[in-house]
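Down below is the structure, laid out as structure tokens.
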Amino acid sequence: MPAVNVNGVTIAYVDQGQGEPVILLHGLGISREDWQPQIKYLSQHYRVIAPDFRGHGESEKPDTNYSIPIHAADISALMDKLGLGAAHIVGLSMGGMVAFQLAADSPERLLSMTIVNSGPALPNDTFAAKKMLWMRLLLIHLFGMKRFGRKVAENMFASDGHDHLIESLAAQIASNPKKIYLRNLKSLFGWSVLPQLSTIKTPTLMLTGDKDYSPVAIKQIIVDAMQNAKLVVIKDSGHGTPIEKPEETNAAIEAFIRGCSASE
């Protein structure tokens with residue numbers, strides 16, 4: 001598996017296919033492995049790059065600070081190392097936050113972005129947000145990463161028949177060093193690019209499961225606040241849409257990217 005040093009940290013990644021570059025960014029506590037259906041499908045027509053964020057998967061896990069801006073800086077540096085001026089960015093959950101950060105800070109690096117079950121902010125000043133953080137911290141401290149990973153994995157899907165996927169996700173989350181996972185988790189709350197949202201011109205697809213943690217109506221508000229965005233809803237899908245509904249996800253991403261390429 002190729003790896004490269006960026007910002008003093010070794011980042012592991014997959015690099016498959018040829019054509020316009022597409023970068024797939026995974027969620028908190030998981031890895032590039034969860035993009036396998038998208039890597040296989042999209043690499044037929046595009047150069048697909050799927051990195052593990054620092055602190056995740058096979059990338060280095062330094063005993064330092066973690067944040068969305070740090071992850072975004074790593075992705076930008078990885079693009080430099082790979083000779084990519086710009087790319088189509090696809091981000092799930094935390095990966096979607098990183099995509100938003102890149103669009104706010106370095107819009108010239110994005111040909112388009114697809115945001116999957118994510119948004120431009122995760123507040124820390126509401127009861128709901130505080131409850132979400134407290135519950136996760138409590139579960140981790142009381143039960144450890146293994147039981148916590150199982151609980152998170154079980155909540156990722158809206159439909160039945162995904163026992164093997166739940167086992168895989170639970171194992172991935174459980175394998176995270178506890179202190180590294182906690183640093184990443186805590187760093188998400190309070191992060192925001194809302195002040196820049198209306199200025200983002202990057203062609204954007206908001207792709208959401210109809211049973212994601214946050215309602216479709218919230219995603220529509222985000223789309224309406226942006227200059228060049230549209231919403232696609234995938235039915236019978238929870239937070240793990242690309243894993244739960246790979247065919248629908250692949251079709252939506254490819255159609256959007258093709259449309260962006262055709263309009264250039």
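Letters A, B, ... go to the chains of the structure tokens in the order shown; residues in each chain start at 1; ligands are counted from 1 in the same order.
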Please identify which residues in range 52-161 of chain A DSSP calls strand (DSSP E) from the backbone, and express them as a ChimeraX atom specification. /A:87-92,110-116
Would you mind listing, for every residue of range 93-139 of chain A within 12 Å of range 5-29 of chain A, the two atoms forming the shortest contact and the distance between them in Å to one decimal, using only C-alpha atoms, sorted by chain and ascending residue number, as a tab-separated table?
residue	atom	partner	partner_atom	distance
A:Ser93	CA	A:Gly27	CA	5.1
A:Met94	CA	A:Gly27	CA	4.6
A:Gly95	CA	A:Leu25	CA	4.6
A:Gly96	CA	A:Leu25	CA	7.2
A:Met97	CA	A:Gly27	CA	9.3
A:Val98	CA	A:Leu25	CA	7.9
A:Ala99	CA	A:Leu25	CA	8.0
A:Phe100	CA	A:Leu25	CA	11.5
A:Leu102	CA	A:Leu25	CA	11.9
A:Arg109	CA	A:Pro21	CA	11.1
A:Leu110	CA	A:Val22	CA	9.8
A:Leu111	CA	A:Pro21	CA	9.1
A:Ser112	CA	A:Val22	CA	9.3
A:Met113	CA	A:Ile23	CA	9.4
A:Thr114	CA	A:Leu24	CA	9.4
A:Ile115	CA	A:Leu25	CA	9.8
A:Val116	CA	A:Gly27	CA	9.8
A:Asn117	CA	A:Gly27	CA	9.9
A:Ser118	CA	A:Gly27	CA	9.6
Next, dump the selected residues to file, keeping only C-alpha atoms, as a short mmCIF file (atom, residue, chain, number, x, y, z; two decimals), in the first residue's frame.
data_model
loop_
_atom_site.label_atom_id
_atom_site.label_comp_id
_atom_site.auth_asym_id
_atom_site.auth_seq_id
_atom_site.Cartn_x
_atom_site.Cartn_y
_atom_site.Cartn_z
CA SER A 93 -19.40 12.42 7.70
CA MET A 94 -16.08 13.77 9.08
CA GLY A 95 -14.70 13.50 5.54
CA GLY A 96 -17.49 15.82 4.41
CA MET A 97 -16.41 18.35 7.00
CA VAL A 98 -12.88 18.18 5.63
CA ALA A 99 -14.26 18.75 2.14
CA PHE A 100 -16.14 21.83 3.36
CA LEU A 102 -11.06 22.74 1.73
CA ARG A 109 -8.27 22.62 -5.19
CA LEU A 110 -11.81 21.37 -5.84
CA LEU A 111 -13.35 20.51 -9.21
CA SER A 112 -16.48 19.57 -7.27
CA MET A 113 -17.44 18.19 -3.89
CA THR A 114 -19.91 15.54 -2.84
CA ILE A 115 -20.93 15.77 0.81
CA VAL A 116 -22.35 12.51 2.16
CA ASN A 117 -24.32 12.71 5.41
CA SER A 118 -22.42 15.70 6.69
#
Show which residues sit within 8 Å of Ile257 in chain A, as a JSON list (two decimals) with C-alpha atoms, in the first residue's frame. Count only C-alpha atoms, and ignore same-chain residues fewer than 4 positions away.
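The resulting file, selection.json, is reproduced below:
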[["chain", "number", "residue", "atom", "x", "y", "z"],
["A", 88, "HIS", "CA", -13.36, 15.99, -7.25],
["A", 112, "SER", "CA", -16.48, 19.57, -7.27],
["A", 253, "ILE", "CA", -21.64, 10.40, -7.55],
["A", 261, "SER", "CA", -16.90, 17.76, -16.14]]
Near Ala73 in chain A, within 10 Å and counting only C-alpha atoms, which residues show up once chain neighbours fewer than 2 positions away are dropped, as a PDB file with N, CA, C and O atoms, in the first residue's frame?
ATOM      1  N   VAL A   6       3.412  13.646   4.715  1.00  0.00           N
ATOM      2  CA  VAL A   6       2.867  14.996   4.526  1.00  0.00           C
ATOM      3  C   VAL A   6       2.766  15.665   5.891  1.00  0.00           C
ATOM      4  O   VAL A   6       2.294  15.063   6.849  1.00  0.00           O
ATOM      5  N   ASN A   7       3.242  16.878   5.975  1.00  0.00           N
ATOM      6  CA  ASN A   7       3.190  17.640   7.219  1.00  0.00           C
ATOM      7  C   ASN A   7       3.776  16.852   8.396  1.00  0.00           C
ATOM      8  O   ASN A   7       3.278  16.922   9.527  1.00  0.00           O
ATOM      9  N   SER A  67      -7.686  17.937  14.250  1.00  0.00           N
ATOM     10  CA  SER A  67      -8.775  18.867  13.962  1.00  0.00           C
ATOM     11  C   SER A  67      -9.131  18.775  12.487  1.00  0.00           C
ATOM     12  O   SER A  67      -8.363  18.236  11.682  1.00  0.00           O
ATOM     13  N   ILE A  68     -10.278  19.307  12.123  1.00  0.00           N
ATOM     14  CA  ILE A  68     -10.679  19.341  10.720  1.00  0.00           C
ATOM     15  C   ILE A  68      -9.685  20.157   9.887  1.00  0.00           C
ATOM     16  O   ILE A  68      -9.273  19.704   8.810  1.00  0.00           O
ATOM     17  N   PRO A  69      -9.256  21.344  10.324  1.00  0.00           N
ATOM     18  CA  PRO A  69      -8.246  22.066   9.530  1.00  0.00           C
ATOM     19  C   PRO A  69      -6.940  21.287   9.357  1.00  0.00           C
ATOM     20  O   PRO A  69      -6.313  21.368   8.292  1.00  0.00           O
ATOM     21  N   ILE A  70      -6.537  20.525  10.360  1.00  0.00           N
ATOM     22  CA  ILE A  70      -5.319  19.721  10.229  1.00  0.00           C
ATOM     23  C   ILE A  70      -5.516  18.629   9.179  1.00  0.00           C
ATOM     24  O   ILE A  70      -4.652  18.403   8.319  1.00  0.00           O
ATOM     25  N   HIS A  71      -6.652  17.952   9.214  1.00  0.00           N
ATOM     26  CA  HIS A  71      -6.931  16.926   8.210  1.00  0.00           C
ATOM     27  C   HIS A  71      -6.992  17.543   6.800  1.00  0.00           C
ATOM     28  O   HIS A  71      -6.495  16.956   5.830  1.00  0.00           O
ATOM     29  N   ILE A  75      -4.709  16.679   3.401  1.00  0.00           N
ATOM     30  CA  ILE A  75      -5.223  16.323   2.077  1.00  0.00           C
ATOM     31  C   ILE A  75      -4.647  17.253   1.011  1.00  0.00           C
ATOM     32  O   ILE A  75      -4.264  16.807  -0.085  1.00  0.00           O
ATOM     33  N   SER A  76      -4.564  18.532   1.308  1.00  0.00           N
ATOM     34  CA  SER A  76      -3.978  19.477   0.360  1.00  0.00           C
ATOM     35  C   SER A  76      -2.515  19.124   0.089  1.00  0.00           C
ATOM     36  O   SER A  76      -2.052  19.149  -1.061  1.00  0.00           O
ATOM     37  N   ALA A  77      -1.775  18.774   1.151  1.00  0.00           N
ATOM     38  CA  ALA A  77      -0.367  18.394   0.993  1.00  0.00           C
ATOM     39  C   ALA A  77      -0.231  17.080   0.223  1.00  0.00           C
ATOM     40  O   ALA A  77       0.702  16.913  -0.567  1.00  0.00           O
ATOM     41  N   LEU A  78      -1.150  16.148   0.461  1.00  0.00           N
ATOM     42  CA  LEU A  78      -1.139  14.891  -0.296  1.00  0.00           C
ATOM     43  C   LEU A  78      -1.358  15.161  -1.780  1.00  0.00           C
ATOM     44  O   LEU A  78      -0.689  14.566  -2.634  1.00  0.00           O
ATOM     45  N   MET A  79      -2.279  16.062  -2.100  1.00  0.00           N
ATOM     46  CA  MET A  79      -2.512  16.429  -3.496  1.00  0.00           C
ATOM     47  C   MET A  79      -1.246  16.994  -4.119  1.00  0.00           C
ATOM     48  O   MET A  79      -0.909  16.678  -5.270  1.00  0.00           O
ATOM     49  N   VAL A  98     -14.176  17.849   6.218  1.00  0.00           N
ATOM     50  CA  VAL A  98     -12.878  18.184   5.635  1.00  0.00           C
ATOM     51  C   VAL A  98     -13.054  18.769   4.241  1.00  0.00           C
ATOM     52  O   VAL A  98     -12.377  19.734   3.864  1.00  0.00           O
ATOM     53  N   GLN A 101     -14.091  22.297   4.603  1.00  0.00           N
ATOM     54  CA  GLN A 101     -12.952  23.116   5.010  1.00  0.00           C
ATOM     55  C   GLN A 101     -12.082  23.460   3.806  1.00  0.00           C
ATOM     56  O   GLN A 101     -11.632  24.610   3.645  1.00  0.00           O
ATOM     57  N   LEU A 102     -11.849  22.486   2.944  1.00  0.00           N
ATOM     58  CA  LEU A 102     -11.064  22.736   1.733  1.00  0.00           C
ATOM     59  C   LEU A 102     -11.769  23.729   0.817  1.00  0.00           C
ATOM     60  O   LEU A 102     -11.132  24.620   0.241  1.00  0.00           O
ATOM     61  N   ASP A 105     -11.315  27.187   2.364  1.00  0.00           N
ATOM     62  CA  ASP A 105      -9.950  27.709   2.430  1.00  0.00           C
ATOM     63  C   ASP A 105      -9.210  27.684   1.104  1.00  0.00           C
ATOM     64  O   ASP A 105      -8.412  28.582   0.821  1.00  0.00           O
ATOM     65  N   SER A 106      -9.459  26.656   0.290  1.00  0.00           N
ATOM     66  CA  SER A 106      -8.687  26.447  -0.942  1.00  0.00           C
ATOM     67  C   SER A 106      -9.609  26.004  -2.075  1.00  0.00           C
ATOM     68  O   SER A 106      -9.481  24.885  -2.594  1.00  0.00           O
TER      69      SER A 106
END
List every residue of range 27-248 of chain A that DSSP, applied to the backbone of this structure, assigns to helix (DSSP H, G or I), and report them as a ChimeraX atom specification. /A:32-42,68-81,94-105,107-109,127-154,163-174,178-188,194-199,216-225,241-244,246-248
Can you tell me which residues surround Phe189 in chain A at a distance of at most 12 Å, considering only C-alpha atoms, apart from same-chain residues fewer than 4 positions away, and format the answer as a PDB file with N, CA, C and O atoms, in the first residue's frame?
ATOM      1  N   SER A  67      -7.686  17.937  14.250  1.00  0.00           N
ATOM      2  CA  SER A  67      -8.775  18.867  13.962  1.00  0.00           C
ATOM      3  C   SER A  67      -9.131  18.775  12.487  1.00  0.00           C
ATOM      4  O   SER A  67      -8.363  18.236  11.682  1.00  0.00           O
ATOM      5  N   ILE A  68     -10.278  19.307  12.123  1.00  0.00           N
ATOM      6  CA  ILE A  68     -10.679  19.341  10.720  1.00  0.00           C
ATOM      7  C   ILE A  68      -9.685  20.157   9.887  1.00  0.00           C
ATOM      8  O   ILE A  68      -9.273  19.704   8.810  1.00  0.00           O
ATOM      9  N   MET A  94     -17.237  12.924   8.805  1.00  0.00           N
ATOM     10  CA  MET A  94     -16.076  13.772   9.076  1.00  0.00           C
ATOM     11  C   MET A  94     -15.353  14.133   7.782  1.00  0.00           C
ATOM     12  O   MET A  94     -14.840  15.253   7.643  1.00  0.00           O
ATOM     13  N   MET A  97     -16.859  17.140   6.332  1.00  0.00           N
ATOM     14  CA  MET A  97     -16.411  18.353   7.005  1.00  0.00           C
ATOM     15  C   MET A  97     -15.069  18.807   6.436  1.00  0.00           C
ATOM     16  O   MET A  97     -14.849  20.014   6.202  1.00  0.00           O
ATOM     17  N   PRO A 120     -21.744  21.734   7.118  1.00  0.00           N
ATOM     18  CA  PRO A 120     -20.699  22.744   7.281  1.00  0.00           C
ATOM     19  C   PRO A 120     -20.429  23.153   8.717  1.00  0.00           C
ATOM     20  O   PRO A 120     -19.667  24.083   8.956  1.00  0.00           O
ATOM     21  N   ALA A 121     -21.039  22.465   9.683  1.00  0.00           N
ATOM     22  CA  ALA A 121     -20.811  22.821  11.083  1.00  0.00           C
ATOM     23  C   ALA A 121     -21.294  21.699  11.987  1.00  0.00           C
ATOM     24  O   ALA A 121     -22.195  20.934  11.626  1.00  0.00           O
ATOM     25  N   LEU A 122     -20.687  21.603  13.156  1.00  0.00           N
ATOM     26  CA  LEU A 122     -21.174  20.718  14.214  1.00  0.00           C
ATOM     27  C   LEU A 122     -21.135  21.537  15.500  1.00  0.00           C
ATOM     28  O   LEU A 122     -20.090  21.658  16.138  1.00  0.00           O
ATOM     29  N   PRO A 123     -22.262  22.123  15.867  1.00  0.00           N
ATOM     30  CA  PRO A 123     -22.272  23.048  17.003  1.00  0.00           C
ATOM     31  C   PRO A 123     -21.980  22.344  18.316  1.00  0.00           C
ATOM     32  O   PRO A 123     -22.194  21.138  18.469  1.00  0.00           O
ATOM     33  N   ASN A 124     -21.473  23.123  19.245  1.00  0.00           N
ATOM     34  CA  ASN A 124     -21.253  22.601  20.606  1.00  0.00           C
ATOM     35  C   ASN A 124     -21.999  23.429  21.644  1.00  0.00           C
ATOM     36  O   ASN A 124     -21.749  23.306  22.837  1.00  0.00           O
ATOM     37  N   ASP A 125     -22.923  24.274  21.161  1.00  0.00           N
ATOM     38  CA  ASP A 125     -23.616  25.193  22.070  1.00  0.00           C
ATOM     39  C   ASP A 125     -25.113  24.913  22.166  1.00  0.00           C
ATOM     40  O   ASP A 125     -25.888  25.759  22.607  1.00  0.00           O
ATOM     41  N   THR A 126     -25.531  23.709  21.736  1.00  0.00           N
ATOM     42  CA  THR A 126     -26.932  23.326  21.868  1.00  0.00           C
ATOM     43  C   THR A 126     -27.022  22.093  22.762  1.00  0.00           C
ATOM     44  O   THR A 126     -26.063  21.321  22.887  1.00  0.00           O
ATOM     45  N   ALA A 128     -28.729  19.380  22.198  1.00  0.00           N
ATOM     46  CA  ALA A 128     -28.630  18.170  21.383  1.00  0.00           C
ATOM     47  C   ALA A 128     -27.180  17.818  21.074  1.00  0.00           C
ATOM     48  O   ALA A 128     -26.779  16.647  21.143  1.00  0.00           O
ATOM     49  N   ALA A 129     -26.393  18.842  20.742  1.00  0.00           N
ATOM     50  CA  ALA A 129     -24.977  18.597  20.430  1.00  0.00           C
ATOM     51  C   ALA A 129     -24.221  18.133  21.667  1.00  0.00           C
ATOM     52  O   ALA A 129     -23.420  17.192  21.607  1.00  0.00           O
ATOM     53  N   LYS A 130     -24.475  18.811  22.789  1.00  0.00           N
ATOM     54  CA  LYS A 130     -23.795  18.423  24.027  1.00  0.00           C
ATOM     55  C   LYS A 130     -24.184  17.009  24.445  1.00  0.00           C
ATOM     56  O   LYS A 130     -23.333  16.225  24.900  1.00  0.00           O
ATOM     57  N   LYS A 131     -25.457  16.665  24.267  1.00  0.00           N
ATOM     58  CA  LYS A 131     -25.924  15.329  24.623  1.00  0.00           C
ATOM     59  C   LYS A 131     -25.224  14.272  23.769  1.00  0.00           C
ATOM     60  O   LYS A 131     -24.813  13.216  24.274  1.00  0.00           O
ATOM     61  N   MET A 132     -25.097  14.557  22.458  1.00  0.00           N
ATOM     62  CA  MET A 132     -24.442  13.616  21.564  1.00  0.00           C
ATOM     63  C   MET A 132     -22.998  13.362  21.987  1.00  0.00           C
ATOM     64  O   MET A 132     -22.532  12.219  22.050  1.00  0.00           O
ATOM     65  N   LEU A 133     -22.279  14.443  22.281  1.00  0.00           N
ATOM     66  CA  LEU A 133     -20.879  14.313  22.702  1.00  0.00           C
ATOM     67  C   LEU A 133     -20.782  13.599  24.045  1.00  0.00           C
ATOM     68  O   LEU A 133     -19.981  12.673  24.210  1.00  0.00           O
ATOM     69  N   TRP A 134     -21.597  14.007  25.011  1.00  0.00           N
ATOM     70  CA  TRP A 134     -21.548  13.390  26.345  1.00  0.00           C
ATOM     71  C   TRP A 134     -21.837  11.895  26.271  1.00  0.00           C
ATOM     72  O   TRP A 134     -21.191  11.100  26.955  1.00  0.00           O
ATOM     73  N   LEU A 182     -10.643   9.874  20.797  1.00  0.00           N
ATOM     74  CA  LEU A 182     -11.265  10.909  21.608  1.00  0.00           C
ATOM     75  C   LEU A 182     -10.833  12.307  21.169  1.00  0.00           C
ATOM     76  O   LEU A 182     -11.648  13.236  21.142  1.00  0.00           O
ATOM     77  N   ARG A 183      -9.576  12.458  20.805  1.00  0.00           N
ATOM     78  CA  ARG A 183      -9.108  13.769  20.341  1.00  0.00           C
ATOM     79  C   ARG A 183      -9.816  14.161  19.048  1.00  0.00           C
ATOM     80  O   ARG A 183     -10.224  15.316  18.877  1.00  0.00           O
ATOM     81  N   ASN A 184      -9.948  13.214  18.122  1.00  0.00           N
ATOM     82  CA  ASN A 184     -10.660  13.499  16.884  1.00  0.00           C
ATOM     83  C   ASN A 184     -12.125  13.824  17.153  1.00  0.00           C
ATOM     84  O   ASN A 184     -12.681  14.782  16.612  1.00  0.00           O
ATOM     85  N   LEU A 185     -12.754  13.019  18.008  1.00  0.00           N
ATOM     86  CA  LEU A 185     -14.168  13.230  18.317  1.00  0.00           C
ATOM     87  C   LEU A 185     -14.404  14.609  18.924  1.00  0.00           C
ATOM     88  O   LEU A 185     -15.281  15.360  18.477  1.00  0.00           O
TER      89      LEU A 185
END
Separation of CA of Met226 in chain A from CA of Leu194 in chain A, in Å and rounded to one decimal: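 Separation between CA of Met226 in chain A and CA of Leu194 in chain A: 10.3 Å.
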Spatial neighbours of Lys201 in chain A, max dist 8 Å, only C-alpha atoms, sep filter under 5 positions, as a VMD selection string: chain A and resid 107 226 to 228
Next, dump the selected residues to file, keeping only N, CA and C atoms, as a tab-separated table (two decimals), in the first residue's frame.
chain	number	residue	atom	x	y	z
A	107	PRO	N	-10.56	26.84	-2.46
A	107	PRO	CA	-11.55	26.42	-3.47
A	107	PRO	C	-10.93	26.01	-4.80
A	226	MET	N	-26.29	27.80	-0.33
A	226	MET	CA	-25.09	27.77	-1.15
A	226	MET	C	-25.38	28.27	-2.57
A	227	GLN	N	-24.32	28.60	-3.28
A	227	GLN	CA	-24.47	29.19	-4.61
A	227	GLN	C	-24.70	28.16	-5.71
A	228	ASN	N	-24.14	26.96	-5.52
A	228	ASN	CA	-24.14	26.00	-6.63
A	228	ASN	C	-24.23	24.59	-6.07
Env of range 219-224 of chain A: 9 Å cut, atoms = only C-alpha atoms, seq-sep filter 6 positions within chain, self excluded. Answer as a PyMOL selection string. chain A and resi 117-120+197+204-208+230-231
With distances taken over only C-alpha atoms, which of A:Ser237, A:Ala3, A:Arg136, A:Ile30 is nearest to Ala170 in chain A?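 The closest residue to Ala170 in chain A is A:Ile30.
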With distances taken over only C-alpha atoms, which of A:Thr202, A:Tyr66, A:His164, A:Pro246 is nearest to Leu188 in chain A?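 Between A:Thr202, A:Tyr66, A:His164, A:Pro246, the residue approaching Leu188 in chain A most closely is A:Tyr66.
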As a check of understanding: the span from CA of Ala50 in chain A to CA of Glu248 in chain A is 19.5 Å
Counting only C-alpha atoms, closest pick from A:Lys235, A:Lys211, A:Arg32, A:His141 relative to Val90 in chain A is A:Arg32
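Across the structure, CA of Asp52 in chain A and CA of Gln36 in chain A are spaced 12.9 Å apart.
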Please report, as a tab-separated table, each residue of range 17-94 of chain A lying at most 12 Å from range 173-179 of chain A, together with the nearest pair of atoms and the separation in Å rounded to one decimal; use only C-alpha atoms, and order rows by chain and ascending residue number.
residue	atom	partner	partner_atom	distance
A:Gly27	CA	A:Ile173	CA	10.6
A:Leu28	CA	A:Ile173	CA	8.5
A:Gly29	CA	A:Ile173	CA	5.1
A:Ile30	CA	A:Ile173	CA	6.0
A:Ser31	CA	A:Ile173	CA	9.3
A:Asp34	CA	A:Ile173	CA	11.8
A:Arg54	CA	A:Asn176	CA	11.5
A:Gly55	CA	A:Asn176	CA	8.0
A:His56	CA	A:Asn176	CA	7.1
A:Gly57	CA	A:Asn176	CA	8.1
A:Glu58	CA	A:Asn176	CA	10.7
A:Ser59	CA	A:Asn176	CA	11.5
A:Glu60	CA	A:Pro177	CA	11.5
A:Lys61	CA	A:Pro177	CA	8.5
A:Pro62	CA	A:Pro177	CA	10.6
A:Asp63	CA	A:Lys179	CA	8.6
A:Thr64	CA	A:Lys179	CA	10.2
A:Asn65	CA	A:Lys179	CA	10.6
A:Tyr66	CA	A:Lys179	CA	10.9
Could you write out that same residue set with all heavy atoms as a short mmCIF file (atom, residue, chain, number, x, y, z; two decimals), in the first residue's frame?
data_model
loop_
_atom_site.label_atom_id
_atom_site.label_comp_id
_atom_site.auth_asym_id
_atom_site.auth_seq_id
_atom_site.Cartn_x
_atom_site.Cartn_y
_atom_site.Cartn_z
N GLY A 27 -15.02 8.64 7.16
CA GLY A 27 -15.55 9.21 8.39
C GLY A 27 -14.69 8.93 9.61
O GLY A 27 -13.67 8.23 9.54
N LEU A 28 -15.12 9.44 10.74
CA LEU A 28 -14.41 9.30 12.00
C LEU A 28 -14.32 7.84 12.42
O LEU A 28 -15.33 7.12 12.45
CB LEU A 28 -15.12 10.11 13.09
CG LEU A 28 -14.61 9.93 14.51
CD1 LEU A 28 -13.18 10.43 14.65
CD2 LEU A 28 -15.53 10.65 15.50
N GLY A 29 -13.11 7.40 12.75
CA GLY A 29 -12.93 6.08 13.31
C GLY A 29 -12.92 4.94 12.33
O GLY A 29 -12.72 3.79 12.72
N ILE A 30 -13.15 5.22 11.04
CA ILE A 30 -13.12 4.17 10.03
C ILE A 30 -11.94 4.42 9.09
O ILE A 30 -10.95 5.01 9.51
CB ILE A 30 -14.48 4.01 9.31
CG1 ILE A 30 -14.97 5.34 8.70
CG2 ILE A 30 -15.52 3.49 10.30
CD1 ILE A 30 -16.28 5.21 7.95
N SER A 31 -12.01 3.99 7.85
CA SER A 31 -10.83 4.11 6.99
C SER A 31 -11.23 4.07 5.53
O SER A 31 -12.41 3.93 5.19
CB SER A 31 -9.83 2.98 7.28
OG SER A 31 -10.31 1.75 6.74
N ASP A 34 -13.69 1.39 3.72
CA ASP A 34 -15.15 1.47 3.60
C ASP A 34 -15.60 2.10 2.28
O ASP A 34 -16.79 2.15 2.00
CB ASP A 34 -15.71 2.24 4.79
CG ASP A 34 -15.40 1.53 6.09
OD1 ASP A 34 -15.85 0.39 6.25
OD2 ASP A 34 -14.66 2.09 6.92
N ARG A 54 -4.75 10.97 9.09
CA ARG A 54 -3.83 10.74 10.22
C ARG A 54 -4.65 10.25 11.42
O ARG A 54 -5.79 10.68 11.65
CB ARG A 54 -3.06 12.01 10.58
CG ARG A 54 -3.90 13.15 11.10
CD ARG A 54 -3.04 14.23 11.75
NE ARG A 54 -2.18 14.92 10.78
CZ ARG A 54 -1.12 15.64 11.11
NH1 ARG A 54 -0.80 15.78 12.39
NH2 ARG A 54 -0.39 16.25 10.20
N GLY A 55 -4.09 9.30 12.16
CA GLY A 55 -4.80 8.75 13.30
C GLY A 55 -5.77 7.64 12.95
O GLY A 55 -6.45 7.11 13.83
N HIS A 56 -5.84 7.27 11.66
CA HIS A 56 -6.80 6.28 11.20
C HIS A 56 -6.13 5.23 10.32
O HIS A 56 -5.12 5.51 9.67
CB HIS A 56 -7.92 6.95 10.38
CG HIS A 56 -8.81 7.85 11.17
ND1 HIS A 56 -8.42 9.10 11.59
CD2 HIS A 56 -10.09 7.68 11.61
CE1 HIS A 56 -9.42 9.67 12.26
NE2 HIS A 56 -10.43 8.83 12.28
N GLY A 57 -6.76 4.05 10.27
CA GLY A 57 -6.33 3.01 9.34
C GLY A 57 -4.85 2.71 9.43
O GLY A 57 -4.29 2.49 10.51
N GLU A 58 -4.20 2.74 8.27
CA GLU A 58 -2.76 2.43 8.20
C GLU A 58 -1.89 3.69 8.21
O GLU A 58 -0.67 3.58 8.07
CB GLU A 58 -2.47 1.59 6.95
CG GLU A 58 -3.14 0.22 6.97
CD GLU A 58 -2.79 -0.62 5.77
OE1 GLU A 58 -1.89 -0.22 4.99
OE2 GLU A 58 -3.41 -1.68 5.59
N SER A 59 -2.51 4.84 8.37
CA SER A 59 -1.73 6.07 8.48
C SER A 59 -1.14 6.19 9.88
O SER A 59 -1.58 5.53 10.83
CB SER A 59 -2.58 7.30 8.17
OG SER A 59 -2.89 7.37 6.80
N GLU A 60 -0.13 7.06 10.00
CA GLU A 60 0.53 7.27 11.28
C GLU A 60 -0.44 7.89 12.28
O GLU A 60 -1.35 8.64 11.91
CB GLU A 60 1.75 8.17 11.08
CG GLU A 60 2.68 8.27 12.27
CD GLU A 60 3.92 9.09 11.95
OE1 GLU A 60 4.16 9.41 10.77
OE2 GLU A 60 4.65 9.41 12.91
N LYS A 61 -0.25 7.56 13.55
CA LYS A 61 -1.13 8.03 14.61
C LYS A 61 -0.32 8.81 15.65
O LYS A 61 -0.07 8.32 16.75
CB LYS A 61 -1.87 6.85 15.23
CG LYS A 61 -2.70 6.05 14.22
CD LYS A 61 -3.24 4.76 14.79
CE LYS A 61 -4.09 4.04 13.77
NZ LYS A 61 -3.33 3.62 12.56
N PRO A 62 0.09 10.02 15.30
CA PRO A 62 0.94 10.78 16.22
C PRO A 62 0.20 11.20 17.48
O PRO A 62 -1.02 11.42 17.47
CB PRO A 62 1.33 12.01 15.38
CG PRO A 62 0.21 12.17 14.41
CD PRO A 62 -0.23 10.78 14.08
N ASP A 63 0.95 11.35 18.56
CA ASP A 63 0.39 11.77 19.84
C ASP A 63 0.38 13.30 19.89
O ASP A 63 1.09 13.94 20.65
CB ASP A 63 1.25 11.20 20.98
CG ASP A 63 0.62 11.43 22.35
OD1 ASP A 63 -0.54 11.88 22.41
OD2 ASP A 63 1.30 11.17 23.36
N THR A 64 -0.47 13.87 19.01
CA THR A 64 -0.56 15.33 18.86
C THR A 64 -2.02 15.75 18.76
O THR A 64 -2.92 14.93 18.95
CB THR A 64 0.19 15.79 17.59
OG1 THR A 64 -0.38 15.09 16.45
CG2 THR A 64 1.67 15.47 17.66
N ASN A 65 -2.24 17.00 18.44
CA ASN A 65 -3.60 17.50 18.26
C ASN A 65 -4.19 17.03 16.94
O ASN A 65 -3.47 16.78 15.97
CB ASN A 65 -3.62 19.02 18.32
CG ASN A 65 -3.26 19.57 19.68
OD1 ASN A 65 -3.56 18.94 20.70
ND2 ASN A 65 -2.63 20.72 19.71
N TYR A 66 -5.53 16.96 16.90
CA TYR A 66 -6.27 16.61 15.70
C TYR A 66 -7.38 17.62 15.51
O TYR A 66 -7.96 18.11 16.49
CB TYR A 66 -6.85 15.20 15.81
CG TYR A 66 -5.81 14.11 15.76
CD1 TYR A 66 -5.06 13.79 16.88
CD2 TYR A 66 -5.56 13.41 14.59
CE1 TYR A 66 -4.09 12.80 16.84
CE2 TYR A 66 -4.60 12.40 14.54
CZ TYR A 66 -3.87 12.12 15.67
OH TYR A 66 -2.90 11.13 15.62
#
